[in-house]
>>> print(open('final_32.cif').read())   # mmCIF, C-alpha atoms and all ligand atoms
data_start
#
loop_
_atom_site.label_atom_id
_atom_site.label_comp_id
_atom_site.auth_asym_id
_atom_site.auth_seq_id
_atom_site.Cartn_x
_atom_site.Cartn_y
_atom_site.Cartn_z
CA MET A 1 -57.27 -1.82 -30.53
CA ALA A 2 -53.89 -0.29 -31.29
CA TRP A 3 -53.76 1.89 -34.43
CA THR A 4 -50.51 3.33 -35.75
CA GLU A 5 -51.40 6.79 -37.07
CA SER A 6 -49.53 8.45 -39.92
CA GLY A 7 -49.78 11.85 -38.23
CA ASP A 8 -50.46 15.19 -39.87
CA PRO A 9 -47.39 15.97 -42.06
CA ASP A 10 -47.58 19.69 -41.22
CA GLN A 11 -47.49 18.96 -37.51
CA VAL A 12 -44.64 16.47 -37.85
CA HIS A 13 -42.73 19.07 -39.91
CA ARG A 14 -43.24 21.83 -37.33
CA ARG A 15 -42.35 19.59 -34.40
CA LEU A 16 -39.19 18.40 -36.12
CA VAL A 17 -38.04 21.94 -36.95
CA ARG A 18 -38.56 22.94 -33.30
CA HIS A 19 -36.60 19.96 -32.00
CA PHE A 20 -33.85 20.58 -34.54
CA GLN A 21 -33.46 24.14 -33.29
CA ASP A 22 -33.31 22.98 -29.68
CA ARG A 23 -30.73 20.32 -30.43
CA PHE A 24 -28.46 22.02 -32.95
CA GLY A 25 -29.02 25.69 -32.07
CA ALA A 26 -30.24 26.80 -35.51
CA ALA A 27 -33.07 26.02 -37.92
CA PRO A 28 -32.64 23.28 -40.57
CA ASP A 29 -32.44 24.32 -44.22
CA VAL A 30 -34.71 21.59 -45.61
CA VAL A 31 -36.87 18.66 -44.51
CA GLY A 32 -36.97 15.55 -46.69
CA ARG A 33 -39.90 13.15 -46.40
CA ALA A 34 -40.05 9.56 -47.66
CA PRO A 35 -42.77 6.94 -47.04
CA GLY A 36 -42.76 3.38 -45.77
CA ARG A 37 -44.43 0.80 -48.02
CA VAL A 38 -46.62 -2.24 -48.01
CA ASN A 39 -46.18 -4.70 -50.84
CA LEU A 40 -49.38 -6.15 -52.32
CA MET A 41 -47.80 -8.85 -54.47
CA GLY A 42 -44.35 -9.99 -55.58
CA GLU A 43 -42.31 -10.98 -52.53
CA HIS A 44 -38.62 -11.89 -52.89
CA THR A 45 -38.99 -11.34 -56.62
CA ASP A 46 -37.04 -8.06 -56.90
CA TYR A 47 -33.60 -9.68 -56.60
CA ASN A 48 -34.73 -12.35 -59.09
CA ALA A 49 -35.32 -9.73 -61.82
CA GLY A 50 -39.07 -10.13 -61.26
CA LEU A 51 -42.15 -7.96 -60.72
CA VAL A 52 -43.41 -6.26 -57.55
CA LEU A 53 -46.56 -4.25 -56.71
CA PRO A 54 -46.02 -2.13 -53.59
CA VAL A 55 -47.90 0.95 -52.39
CA ALA A 56 -46.37 3.83 -50.42
CA LEU A 57 -47.86 4.27 -46.97
CA PRO A 58 -49.12 7.58 -45.60
CA HIS A 59 -46.64 6.83 -42.77
CA ALA A 60 -43.28 8.44 -43.48
CA THR A 61 -39.85 9.37 -42.21
CA PHE A 62 -38.79 13.01 -42.09
CA ALA A 63 -35.17 14.18 -42.11
CA ALA A 64 -34.39 17.79 -41.19
CA VAL A 65 -30.97 18.76 -42.55
CA ARG A 66 -28.73 21.79 -42.12
CA ARG A 67 -25.60 22.41 -44.13
CA ARG A 68 -22.35 22.83 -42.20
CA ASP A 69 -19.22 24.55 -43.42
CA ASP A 70 -16.90 21.71 -42.36
CA ASP A 71 -16.87 17.94 -43.01
CA VAL A 72 -18.57 16.96 -39.75
CA VAL A 73 -21.73 14.84 -39.86
CA ARG A 74 -24.07 14.62 -36.86
CA VAL A 75 -27.24 12.55 -36.90
CA ALA A 76 -29.89 12.11 -34.22
CA SER A 77 -33.43 10.80 -34.10
CA LEU A 78 -36.50 11.60 -32.04
CA GLN A 79 -37.16 7.83 -31.84
CA GLN A 80 -33.68 6.54 -30.95
CA ASP A 81 -31.52 7.27 -27.91
CA SER A 82 -28.22 6.95 -29.66
CA GLY A 83 -27.03 9.21 -32.46
CA TRP A 84 -23.82 9.33 -34.47
CA GLU A 85 -21.13 11.90 -35.00
CA GLY A 86 -18.21 11.60 -37.40
CA THR A 87 -16.87 13.01 -40.62
CA LEU A 88 -17.89 12.54 -44.26
CA ALA A 89 -14.93 10.19 -44.68
CA GLY A 90 -16.41 7.93 -41.97
CA CYS A 91 -19.86 7.57 -43.56
CA GLY A 92 -18.97 4.61 -45.80
CA PRO A 93 -18.71 0.85 -45.19
CA GLY A 94 -17.34 0.04 -41.73
CA GLY A 95 -18.26 3.49 -40.35
CA ALA A 96 -21.52 4.06 -38.48
CA GLN A 97 -23.42 1.16 -36.90
CA GLY A 98 -27.10 0.59 -36.18
CA TRP A 99 -29.84 2.90 -37.49
CA ALA A 100 -27.40 5.75 -38.21
CA ALA A 101 -25.65 3.65 -40.88
CA TYR A 102 -28.76 3.89 -43.10
CA ALA A 103 -28.78 7.68 -42.77
CA VAL A 104 -25.09 8.41 -43.29
CA GLY A 105 -24.64 5.58 -45.82
CA VAL A 106 -26.70 7.65 -48.24
CA LEU A 107 -24.34 10.61 -47.86
CA TRP A 108 -21.47 8.31 -48.79
CA ALA A 109 -23.36 6.76 -51.71
CA LEU A 110 -24.37 10.15 -53.15
CA GLY A 111 -20.79 11.37 -52.93
CA THR A 112 -19.12 8.32 -54.51
CA GLY A 113 -19.50 5.82 -57.33
CA ALA A 114 -20.45 5.83 -60.98
CA GLY A 115 -21.95 8.93 -62.63
CA GLU A 116 -21.27 12.42 -61.36
CA PRO A 117 -20.84 12.17 -57.58
CA LEU A 118 -22.49 15.03 -55.69
CA GLU A 119 -20.43 17.44 -53.58
CA VAL A 120 -21.99 16.32 -50.29
CA PRO A 121 -21.19 18.79 -47.47
CA GLY A 122 -20.99 18.16 -43.72
CA VAL A 123 -24.52 18.19 -42.27
CA ASP A 124 -26.55 18.07 -39.09
CA VAL A 125 -29.51 15.70 -39.42
CA LEU A 126 -32.50 15.11 -37.15
CA VAL A 127 -34.96 12.34 -37.99
CA ASP A 128 -38.59 11.82 -37.02
CA SER A 129 -40.76 8.97 -38.26
CA THR A 130 -44.23 7.47 -38.13
CA VAL A 131 -43.13 4.28 -39.92
CA PRO A 132 -42.99 1.45 -37.38
CA VAL A 133 -39.50 -0.06 -37.11
CA GLY A 134 -39.02 -3.82 -37.61
CA ALA A 135 -42.59 -4.22 -38.90
CA GLY A 136 -41.60 -5.16 -42.46
CA LEU A 137 -42.89 -1.78 -43.69
CA SER A 138 -39.57 -0.51 -44.91
CA SER A 139 -38.56 1.99 -42.27
CA SER A 140 -34.96 1.59 -43.51
CA ALA A 141 -35.66 2.70 -47.08
CA ALA A 142 -37.83 5.55 -45.76
CA LEU A 143 -34.87 6.75 -43.68
CA GLU A 144 -32.34 6.44 -46.53
CA CYS A 145 -34.63 8.20 -48.98
CA ALA A 146 -35.66 11.00 -46.58
CA VAL A 147 -32.02 11.88 -45.88
CA GLY A 148 -31.00 11.57 -49.55
CA THR A 149 -33.92 13.70 -50.69
CA ALA A 150 -33.06 16.42 -48.19
CA VAL A 151 -29.40 16.48 -49.25
CA VAL A 152 -30.22 16.70 -52.96
CA ALA A 153 -32.48 19.69 -52.22
CA LEU A 154 -29.86 21.23 -49.95
CA LEU A 155 -27.46 21.23 -52.91
CA GLY A 156 -30.06 23.11 -54.96
CA HIS A 157 -30.88 20.20 -57.29
CA ASP A 158 -34.32 19.46 -58.67
CA LEU A 159 -35.78 16.44 -56.88
CA ASP A 160 -37.68 15.02 -59.86
CA THR A 161 -34.58 14.72 -62.03
CA HIS A 162 -32.75 13.02 -59.17
CA ARG A 163 -35.29 10.38 -58.11
CA GLU A 164 -33.66 7.46 -59.93
CA ARG A 165 -30.25 8.44 -58.66
CA LEU A 166 -31.62 8.57 -55.13
CA VAL A 167 -33.03 5.04 -55.55
CA ARG A 168 -29.56 3.82 -56.51
CA ALA A 169 -27.85 5.68 -53.67
CA ALA A 170 -30.31 4.36 -51.10
CA VAL A 171 -29.83 0.79 -52.35
CA ARG A 172 -26.06 1.17 -52.09
CA ALA A 173 -26.36 2.54 -48.55
CA GLU A 174 -28.34 -0.54 -47.56
CA THR A 175 -26.35 -3.21 -49.39
CA GLU A 176 -22.82 -1.77 -49.17
CA VAL A 177 -22.84 0.22 -45.93
CA VAL A 178 -25.40 -1.60 -43.75
CA GLY A 179 -24.73 -4.97 -45.39
CA ALA A 180 -28.37 -6.06 -45.86
CA PRO A 181 -28.53 -7.92 -49.22
CA THR A 182 -31.93 -6.48 -50.22
CA GLY A 183 -33.31 -6.10 -53.73
CA GLY A 184 -34.38 -2.48 -54.32
CA MET A 185 -38.18 -2.63 -54.16
CA ASP A 186 -38.44 -0.50 -51.03
CA GLN A 187 -36.23 2.35 -52.21
CA THR A 188 -37.92 2.36 -55.63
CA VAL A 189 -41.42 2.79 -54.24
CA ALA A 190 -40.25 5.31 -51.61
CA MET A 191 -38.92 7.56 -54.39
CA LEU A 192 -41.32 6.89 -57.29
CA ALA A 193 -44.78 6.16 -55.81
CA GLU A 194 -47.82 8.19 -56.86
CA ALA A 195 -50.69 8.91 -54.47
CA GLY A 196 -53.73 6.66 -54.90
CA ALA A 197 -51.83 4.05 -56.89
CA ALA A 198 -49.55 1.05 -56.50
CA LEU A 199 -46.22 0.97 -58.33
CA LEU A 200 -45.61 -1.92 -60.71
CA VAL A 201 -41.85 -2.35 -61.00
CA ASP A 202 -40.13 -4.70 -63.42
CA PHE A 203 -36.66 -5.48 -62.11
CA ALA A 204 -35.62 -7.05 -65.42
CA ASP A 205 -35.16 -3.55 -66.85
CA GLY A 206 -35.91 -1.25 -63.90
CA SER A 207 -39.04 0.20 -65.52
CA SER A 208 -42.04 1.15 -63.41
CA ARG A 209 -45.57 2.48 -63.80
CA ALA A 210 -48.35 3.57 -61.49
CA VAL A 211 -51.29 1.15 -61.26
CA ASP A 212 -54.55 2.74 -60.17
CA LEU A 213 -56.07 0.35 -57.63
CA GLY A 214 -59.50 1.99 -57.74
CA LEU A 215 -59.83 1.41 -53.99
CA ALA A 216 -62.10 4.40 -53.38
CA ALA A 217 -64.41 3.53 -56.28
CA SER A 218 -64.74 -0.11 -55.25
CA GLY A 219 -65.10 0.71 -51.54
CA LEU A 220 -62.07 -1.39 -50.60
CA ARG A 221 -59.43 -0.67 -47.96
CA LEU A 222 -56.00 -2.10 -47.18
CA LEU A 223 -55.55 -3.05 -43.53
CA VAL A 224 -51.98 -3.71 -42.42
CA THR A 225 -51.44 -5.67 -39.22
CA ASP A 226 -48.01 -5.48 -37.57
CA THR A 227 -47.63 -8.77 -35.70
CA ARG A 228 -44.93 -7.19 -33.51
CA VAL A 229 -42.72 -10.16 -34.33
CA SER A 230 -39.71 -8.10 -35.24
CA HIS A 231 -37.90 -8.92 -38.44
CA ALA A 232 -34.39 -7.83 -39.44
CA LEU A 233 -33.04 -8.12 -42.96
CA VAL A 234 -29.46 -8.29 -41.76
CA ASP A 235 -30.31 -11.57 -39.97
CA GLY A 236 -29.51 -14.75 -41.85
CA GLY A 237 -32.90 -15.84 -43.24
CA TYR A 238 -33.22 -13.21 -45.97
CA GLY A 239 -29.69 -13.81 -47.27
CA GLU A 240 -30.23 -17.59 -47.22
CA ARG A 241 -33.34 -17.27 -49.38
CA ARG A 242 -31.47 -15.08 -51.81
CA ALA A 243 -28.60 -17.57 -51.97
CA ASP A 244 -31.09 -20.42 -52.60
CA CYS A 245 -32.59 -18.50 -55.53
CA GLU A 246 -29.19 -17.82 -57.02
CA GLU A 247 -28.22 -21.47 -56.65
CA ALA A 248 -31.48 -22.60 -58.29
CA ALA A 249 -30.85 -20.23 -61.22
CA ARG A 250 -27.28 -21.53 -61.53
CA ARG A 251 -28.46 -25.14 -61.67
CA LEU A 252 -31.10 -24.25 -64.26
CA GLU A 253 -28.47 -22.39 -66.27
CA VAL A 254 -30.51 -19.20 -66.44
CA PRO A 255 -29.20 -15.72 -65.50
CA THR A 256 -32.03 -15.22 -62.98
CA LEU A 257 -35.21 -17.07 -61.98
CA ARG A 258 -37.18 -14.58 -64.12
CA GLU A 259 -36.02 -16.62 -67.12
CA ALA A 260 -37.07 -19.99 -65.64
CA ASP A 261 -40.41 -21.60 -66.53
CA ALA A 262 -42.53 -24.00 -64.48
CA GLY A 263 -41.32 -27.08 -66.34
CA GLN A 264 -37.68 -26.24 -65.71
CA VAL A 265 -38.37 -25.52 -62.04
CA ASP A 266 -40.06 -28.92 -61.61
CA SER A 267 -36.94 -30.57 -62.99
CA LEU A 268 -34.80 -29.38 -60.06
CA ASP A 269 -33.72 -32.42 -58.01
CA ASP A 270 -33.22 -30.61 -54.76
CA ASP A 271 -36.58 -30.30 -52.99
CA ARG A 272 -35.75 -27.07 -51.14
CA LEU A 273 -34.38 -25.30 -54.21
CA ARG A 274 -37.37 -26.48 -56.25
CA ARG A 275 -39.81 -24.97 -53.74
CA ARG A 276 -37.86 -21.70 -53.52
CA ALA A 277 -37.80 -21.36 -57.31
CA ARG A 278 -41.47 -22.33 -57.59
CA HIS A 279 -42.40 -19.54 -55.19
CA VAL A 280 -40.52 -16.99 -57.29
CA THR A 281 -41.87 -18.03 -60.70
CA THR A 282 -45.48 -18.39 -59.51
CA GLU A 283 -45.27 -15.13 -57.54
CA ILE A 284 -44.13 -13.18 -60.62
CA GLU A 285 -47.16 -14.53 -62.49
CA ARG A 286 -49.40 -13.56 -59.58
CA VAL A 287 -48.20 -9.94 -59.86
CA ARG A 288 -49.40 -9.84 -63.49
CA ARG A 289 -52.75 -11.35 -62.56
CA THR A 290 -53.18 -9.03 -59.57
CA VAL A 291 -52.78 -5.98 -61.81
CA GLU A 292 -55.47 -7.42 -64.12
CA ALA A 293 -57.77 -8.29 -61.23
CA PHE A 294 -57.58 -4.72 -59.87
CA ALA A 295 -58.33 -3.37 -63.37
CA ASP A 296 -61.36 -5.70 -63.62
CA ASP A 297 -62.42 -4.99 -60.01
CA ASP A 298 -62.56 -8.79 -59.67
CA HIS A 299 -62.65 -9.33 -55.90
CA ALA A 300 -62.85 -13.11 -56.10
CA ALA A 301 -59.68 -13.25 -58.18
CA LEU A 302 -57.90 -10.82 -55.83
CA GLY A 303 -58.83 -12.99 -52.86
CA ARG A 304 -57.51 -16.15 -54.53
CA LEU A 305 -54.27 -14.46 -55.58
CA LEU A 306 -53.55 -13.03 -52.13
CA LEU A 307 -54.12 -16.36 -50.43
CA ALA A 308 -52.14 -18.32 -53.00
CA SER A 309 -49.26 -15.91 -52.44
CA HIS A 310 -49.44 -16.40 -48.68
CA VAL A 311 -49.48 -20.19 -49.00
CA SER A 312 -46.50 -20.03 -51.36
CA MET A 313 -44.53 -17.92 -48.87
CA ARG A 314 -45.55 -20.17 -45.99
CA ASP A 315 -44.90 -23.55 -47.58
CA ASP A 316 -42.48 -23.07 -50.47
CA PHE A 317 -40.41 -20.08 -49.44
CA GLU A 318 -40.81 -20.72 -45.67
CA ILE A 319 -40.73 -17.10 -44.51
CA SER A 320 -43.98 -16.93 -42.55
CA CYS A 321 -44.54 -17.51 -38.82
CA PRO A 322 -47.55 -18.52 -36.67
CA GLU A 323 -48.53 -14.90 -35.96
CA LEU A 324 -48.61 -14.01 -39.68
CA ASP A 325 -50.55 -17.17 -40.56
CA THR A 326 -53.06 -16.39 -37.82
CA ALA A 327 -53.50 -12.77 -38.92
CA VAL A 328 -54.12 -13.86 -42.53
CA GLU A 329 -56.51 -16.66 -41.63
CA THR A 330 -58.47 -14.53 -39.17
CA ALA A 331 -58.76 -11.59 -41.58
CA VAL A 332 -60.37 -13.80 -44.20
CA GLU A 333 -62.69 -15.48 -41.67
CA ALA A 334 -63.79 -12.01 -40.51
CA GLY A 335 -64.72 -10.82 -43.98
CA ALA A 336 -61.57 -9.74 -45.84
CA VAL A 337 -61.51 -10.35 -49.59
CA GLY A 338 -58.03 -11.80 -49.16
CA ALA A 339 -54.83 -11.42 -47.15
CA ARG A 340 -51.15 -12.32 -47.18
CA MET A 341 -47.97 -11.66 -45.28
CA THR A 342 -45.96 -8.81 -46.78
CA GLY A 343 -42.31 -7.79 -46.93
CA GLY A 344 -39.19 -9.80 -46.21
CA GLY A 345 -40.89 -12.19 -43.77
CA PHE A 346 -39.76 -13.96 -40.57
CA GLY A 347 -42.19 -11.66 -38.72
CA GLY A 348 -43.39 -8.21 -39.69
CA SER A 349 -46.80 -7.46 -41.13
CA ALA A 350 -49.77 -8.95 -42.96
CA VAL A 351 -51.89 -7.00 -45.44
CA ALA A 352 -55.60 -7.63 -45.98
CA LEU A 353 -57.97 -6.23 -48.62
CA MET A 354 -61.54 -5.68 -47.49
CA PRO A 355 -64.69 -3.59 -47.87
CA ALA A 356 -64.37 -0.38 -45.83
CA GLU A 357 -67.19 -1.44 -43.50
CA ARG A 358 -65.31 -4.62 -42.46
CA VAL A 359 -62.12 -2.86 -41.26
CA GLU A 360 -63.09 -2.53 -37.59
CA ALA A 361 -64.48 -6.05 -37.36
CA VAL A 362 -61.42 -7.61 -38.99
CA ALA A 363 -58.99 -5.69 -36.77
CA ARG A 364 -60.99 -6.68 -33.68
CA ALA A 365 -61.13 -10.34 -34.72
CA ILE A 366 -57.34 -10.43 -35.17
CA ASP A 367 -56.83 -8.81 -31.76
CA LEU A 368 -59.08 -11.37 -30.05
CA ARG A 369 -57.43 -14.28 -31.80
CA PHE A 370 -53.97 -13.02 -30.80
CA VAL A 371 -55.08 -12.85 -27.16
CA ARG A 372 -56.50 -16.37 -27.38
CA ASP A 373 -53.30 -17.75 -28.92
CA GLY A 374 -51.08 -15.96 -26.39
CA PHE A 375 -49.39 -13.69 -28.95
CA THR A 376 -48.26 -10.11 -28.30
CA ALA A 377 -51.02 -7.60 -29.13
CA PRO A 378 -50.69 -6.49 -32.77
CA ALA A 379 -50.91 -2.92 -34.14
CA HIS A 380 -52.94 -1.97 -37.20
CA LEU A 381 -52.77 0.75 -39.80
CA LEU A 382 -54.72 1.77 -42.87
CA ALA A 383 -52.60 1.80 -45.98
CA GLU A 384 -54.11 4.58 -48.04
CA PRO A 385 -51.70 4.71 -51.01
CA GLY A 386 -49.59 7.83 -50.61
CA PRO A 387 -47.03 9.72 -52.71
CA GLY A 388 -43.29 9.13 -52.97
CA ALA A 389 -40.58 11.30 -51.42
CA SER A 390 -40.91 15.07 -51.25
CA VAL A 391 -39.00 17.98 -49.77
CA ARG A 392 -39.78 21.30 -48.13
CA ARG A 393 -37.50 24.24 -47.55
CA VAL A 394 -37.88 25.44 -43.99
CA GLY A 395 -39.83 28.67 -43.87
CA ASP A 396 -41.95 27.70 -46.91
C1 LIG B 1 -37.37 -6.59 -48.14
C2 LIG B 1 -36.31 -6.14 -49.13
C3 LIG B 1 -36.88 -6.02 -50.53
C4 LIG B 1 -37.64 -7.27 -50.95
C5 LIG B 1 -38.59 -7.72 -49.83
C6 LIG B 1 -39.24 -9.04 -50.13
O1 LIG B 1 -38.33 -5.60 -48.00
O2 LIG B 1 -35.78 -4.88 -48.73
O3 LIG B 1 -35.84 -5.72 -51.43
O4 LIG B 1 -36.78 -8.30 -51.32
O5 LIG B 1 -37.97 -7.81 -48.58
O6 LIG B 1 -40.09 -8.94 -51.21
#
>>> encode(input="final_32.cif", output="structure tokens", more="lines below")
Ligand code: GLA
Amino acid sequence: MAWTESGDPDQVHRRLVRHFQDRFGAAPDVVGRAPGRVNLMGEHTDYNAGLVLPVALPHATFAAVRRRDDDVVRVASLQQDSGWEGTLAGCGPGGAQGWAAYAVGVLWALGTGAGEPLEVPGVDVLVDSTVPVGAGLSSSAALECAVGTAVVALLGHDLDTHRERLVRAAVRAETEVVGAPTGGMDQTVAMLAEAGAALLVDFADGSSRAVDLGLAASGLRLLVTDTRVSHALVDGGYGERRADCEEAARRLEVPTLREADAGQVDSLDDDRLRRRARHVTTEIERVRRTVEAFADDDHAALGRLLLASHVSMRDDFEISCPELDTAVETAVEAGAVGARMTGGGFGGSAVALMPAERVEAVARAIDLRFVRDGFTAPAHLLAEPGPGASVRRVGD
């Protein structure tokens, strides 16, 4: 069985500082850390002014940053061969390409736009990460938020008073610099998550609150299975779904699908738009019920909600794939309370809720089924809800 470990944060920190010194010839000033996430309920609802319920993973991205006294920006990663070198002026739209655009896009976003822009200096940045890339676990937001967090600390600002601003900057890096039309869930949870809890976010007004899942008390665990079918949010499918939702809202004459009710949705003539809108409105309701079911420790209800969500994403929103369907089905057959695909879709990961003693058996059953069906071997991880972004000065 392949397990993706989150690593010991102290070890990752020390290793990164050492590599930074080797590469750039001096120690970094600060190391920012921001987690990946797995969403438990509320998929493709964020850009419809809906509700989401993600948890931060213990797996995180670390960005070591050193201030320079010119306007040069250099970024490199321990996971990627190619880096990027340019100037602050080249960090905006049309500048860096590939993974580096997420990192330097945040520098641009923090230094521009509404509010008081920060005086972002030239920097050297080295990145290390235990968040799997392309697994639908939000490695992009982790990267944006790790770099942003480090820069805010580098400028001597208090992180806690800058968390919301960092969410906005990370979203702008992704939508305006990288060009992925995503909705903000990933950056919000990366910055605002609390350990042990999920984060309920309402995108109608941007409010959020921690929801204690009581996993330890109820003996439940969250198993995430990366199908290794790589997903990319800059590919067409995500944007097409978003456009469908906007078109459905336009035809229903509501500002967003959050304002549409089931009766209105049923009145849509176009079959595809009706199914897209039905997914969104029913999924928002499932987020509410999931929060209640966790509070009541009602495993049967949680199981029904997770499966209903998966079916809705598979049939109405059409963002699943055979590997995700197989992982979900097999997890439940092998003793999970419930399971669903998670994240943007078109590949990526499934999440399953189960009693702690079933974790090994479920992971093994999925592995065997993937072999039988001729799929690439999956990788698993345990999603113990972790904290949002943090920062350490080097030497502390
Ligand atoms: C991706 C996006 C999020 C959200 C999810 C689907 O993770 O980045 O904004 O839309 O897909 O729920």
>>> closest_atom_pairs(input="final_32.cif", of="chain A", to="ligand LIG 1 (chain B)", cutoff="7 Å", atoms="all atoms listed in the file", output="tab-separated table")
residue	atom	partner	partner_atom	distance
A:Gly42	CA	B:LIG1	O6	6.2
A:Glu43	CA	B:LIG1	O6	3.3
A:His44	CA	B:LIG1	O6	3.7
A:Thr45	CA	B:LIG1	O6	6.0
A:Asp46	CA	B:LIG1	O4	5.6
A:Tyr47	CA	B:LIG1	O4	6.3
A:Gly136	CA	B:LIG1	O1	6.4
A:Ser138	CA	B:LIG1	O1	6.1
A:Thr182	CA	B:LIG1	O3	4.2
A:Gly183	CA	B:LIG1	O3	3.4
A:Gly184	CA	B:LIG1	O3	4.6
A:Met185	CA	B:LIG1	O3	4.7
A:Asp186	CA	B:LIG1	O2	5.6
A:Leu233	CA	B:LIG1	C1	6.9
A:Gly343	CA	B:LIG1	C6	4.6
A:Gly344	CA	B:LIG1	O5	3.3
>>> closest_atom_pairs(input="final_32.cif", of="segment 193-233 of chain A", to="segment 162-166 of chain A", cutoff="12 Å", atoms="only C-alpha atoms", output="tab-separated table")
residue	atom	partner	partner_atom	distance
A:Ala193	CA	A:Arg163	CA	10.6
A:Gly206	CA	A:Glu164	CA	9.8
A:Ser207	CA	A:Glu164	CA	10.6
A:Ser208	CA	A:Glu164	CA	11.1
>>> atom_distance(input="final_32.cif", atom1="atom CA of Ser230 of chain A", atom2="atom CA of Ala379 of chain A")
12.4 Å
>>> residues_around(input="final_32.cif", residues="Arg369 of chain A", least_positions_apart="3", cutoff="12 Å", atoms="only C-alpha atoms", output="list in words")
Thr227, Pro322, Glu323, Leu324, Asp325, Thr326, Ala327, Val328, Glu329, Thr330, Ala331, Glu333, Ala334, Val362, Ala363, Arg364, Ala365, Ile366, Arg372, Asp373, Gly374, Phe375, Thr376, Ala377 and Pro378 of chain A
>>> residues_around(input="final_32.cif", residues="segment 292-301 of chain A", least_positions_apart="4", cutoff="7 Å", atoms="all atoms listed in the file", output="list in words")
Leu213, Arg288, Leu305 and Val337 of chain A
>>> write_last_selection(input="final_32.cif", atoms="C-alpha atoms", output="JSON list (two decimals), in the frame of the given file")
[["chain", "number", "residue", "atom", "x", "y", "z"],
["A", 213, "LEU", "CA", -56.07, 0.35, -57.63],
["A", 288, "ARG", "CA", -49.40, -9.84, -63.49],
["A", 305, "LEU", "CA", -54.27, -14.46, -55.58],
["A", 337, "VAL", "CA", -61.51, -10.35, -49.59]]
>>> residues_around(input="final_32.cif", residues="His13 of chain A", least_positions_apart="4", cutoff="12 Å", atoms="only C-alpha atoms", output="list in words")
Gly7, Asp8, Pro9, Val17, Arg18, His19, Phe20, Pro28, Val30, Val31, Gly32, Arg33, Ala60, Thr61, Phe62, Ala63, Ala64, Leu126, Val127, Asp128, Ser129, Thr130, Val391, Arg392, Arg393, Val394, Gly395 and Asp396 of chain A
>>> write_last_selection(input="final_32.cif", atoms="C-alpha atoms", output="compact mmCIF listing (two decimals), in the frame of the given file")
# COMPACT_ATOMS: atom_id res chain seq x y z
CA GLY A 7 -49.78 11.85 -38.23
CA ASP A 8 -50.46 15.19 -39.87
CA PRO A 9 -47.39 15.97 -42.06
CA VAL A 17 -38.04 21.94 -36.95
CA ARG A 18 -38.56 22.94 -33.30
CA HIS A 19 -36.60 19.96 -32.00
CA PHE A 20 -33.85 20.58 -34.54
CA PRO A 28 -32.64 23.28 -40.57
CA VAL A 30 -34.71 21.59 -45.61
CA VAL A 31 -36.87 18.66 -44.51
CA GLY A 32 -36.97 15.55 -46.69
CA ARG A 33 -39.90 13.15 -46.40
CA ALA A 60 -43.28 8.44 -43.48
CA THR A 61 -39.85 9.37 -42.21
CA PHE A 62 -38.79 13.01 -42.09
CA ALA A 63 -35.17 14.18 -42.11
CA ALA A 64 -34.39 17.79 -41.19
CA LEU A 126 -32.50 15.11 -37.15
CA VAL A 127 -34.96 12.34 -37.99
CA ASP A 128 -38.59 11.82 -37.02
CA SER A 129 -40.76 8.97 -38.26
CA THR A 130 -44.23 7.47 -38.13
CA VAL A 391 -39.00 17.98 -49.77
CA ARG A 392 -39.78 21.30 -48.13
CA ARG A 393 -37.50 24.24 -47.55
CA VAL A 394 -37.88 25.44 -43.99
CA GLY A 395 -39.83 28.67 -43.87
CA ASP A 396 -41.95 27.70 -46.91
>>> residues_around(input="final_32.cif", residues="Glu119 of chain A", least_positions_apart="6", cutoff="12 Å", atoms="all atoms listed in the file", output="list in words")
Arg67, Asp71, Leu88, Leu107, Trp108, Ala109, Leu110, Gly111, Thr112, Val151, Val152, Leu154, Leu155, Gly156 and His157 of chain A
>>> closest_residue(input="final_32.cif", among="A:Ala356, A:Ala389, A:Ala76, A:Leu302", to="Leu215 of chain A", atoms="only C-alpha atoms")
A:Ala356
>>> residues_near_point(input="final_32.cif", point="(-49.0, -7.1, -51.4)", cutoff="9 Å", atoms="all atoms listed in the file", output="list in words")
Val38, Asn39, Leu40, Met41, Gly42, Glu43, Val52, Leu53, Pro54, Val55, Val287, Leu306, Ser309, Ala339, Arg340, Met341, Thr342, Gly343, Ala350, Val351 and Ala352 of chain A
>>> atom_distance(input="final_32.cif", atom1="atom CA of Ala262 of chain A", atom2="atom CA of Asp244 of chain A")
16.9 Å
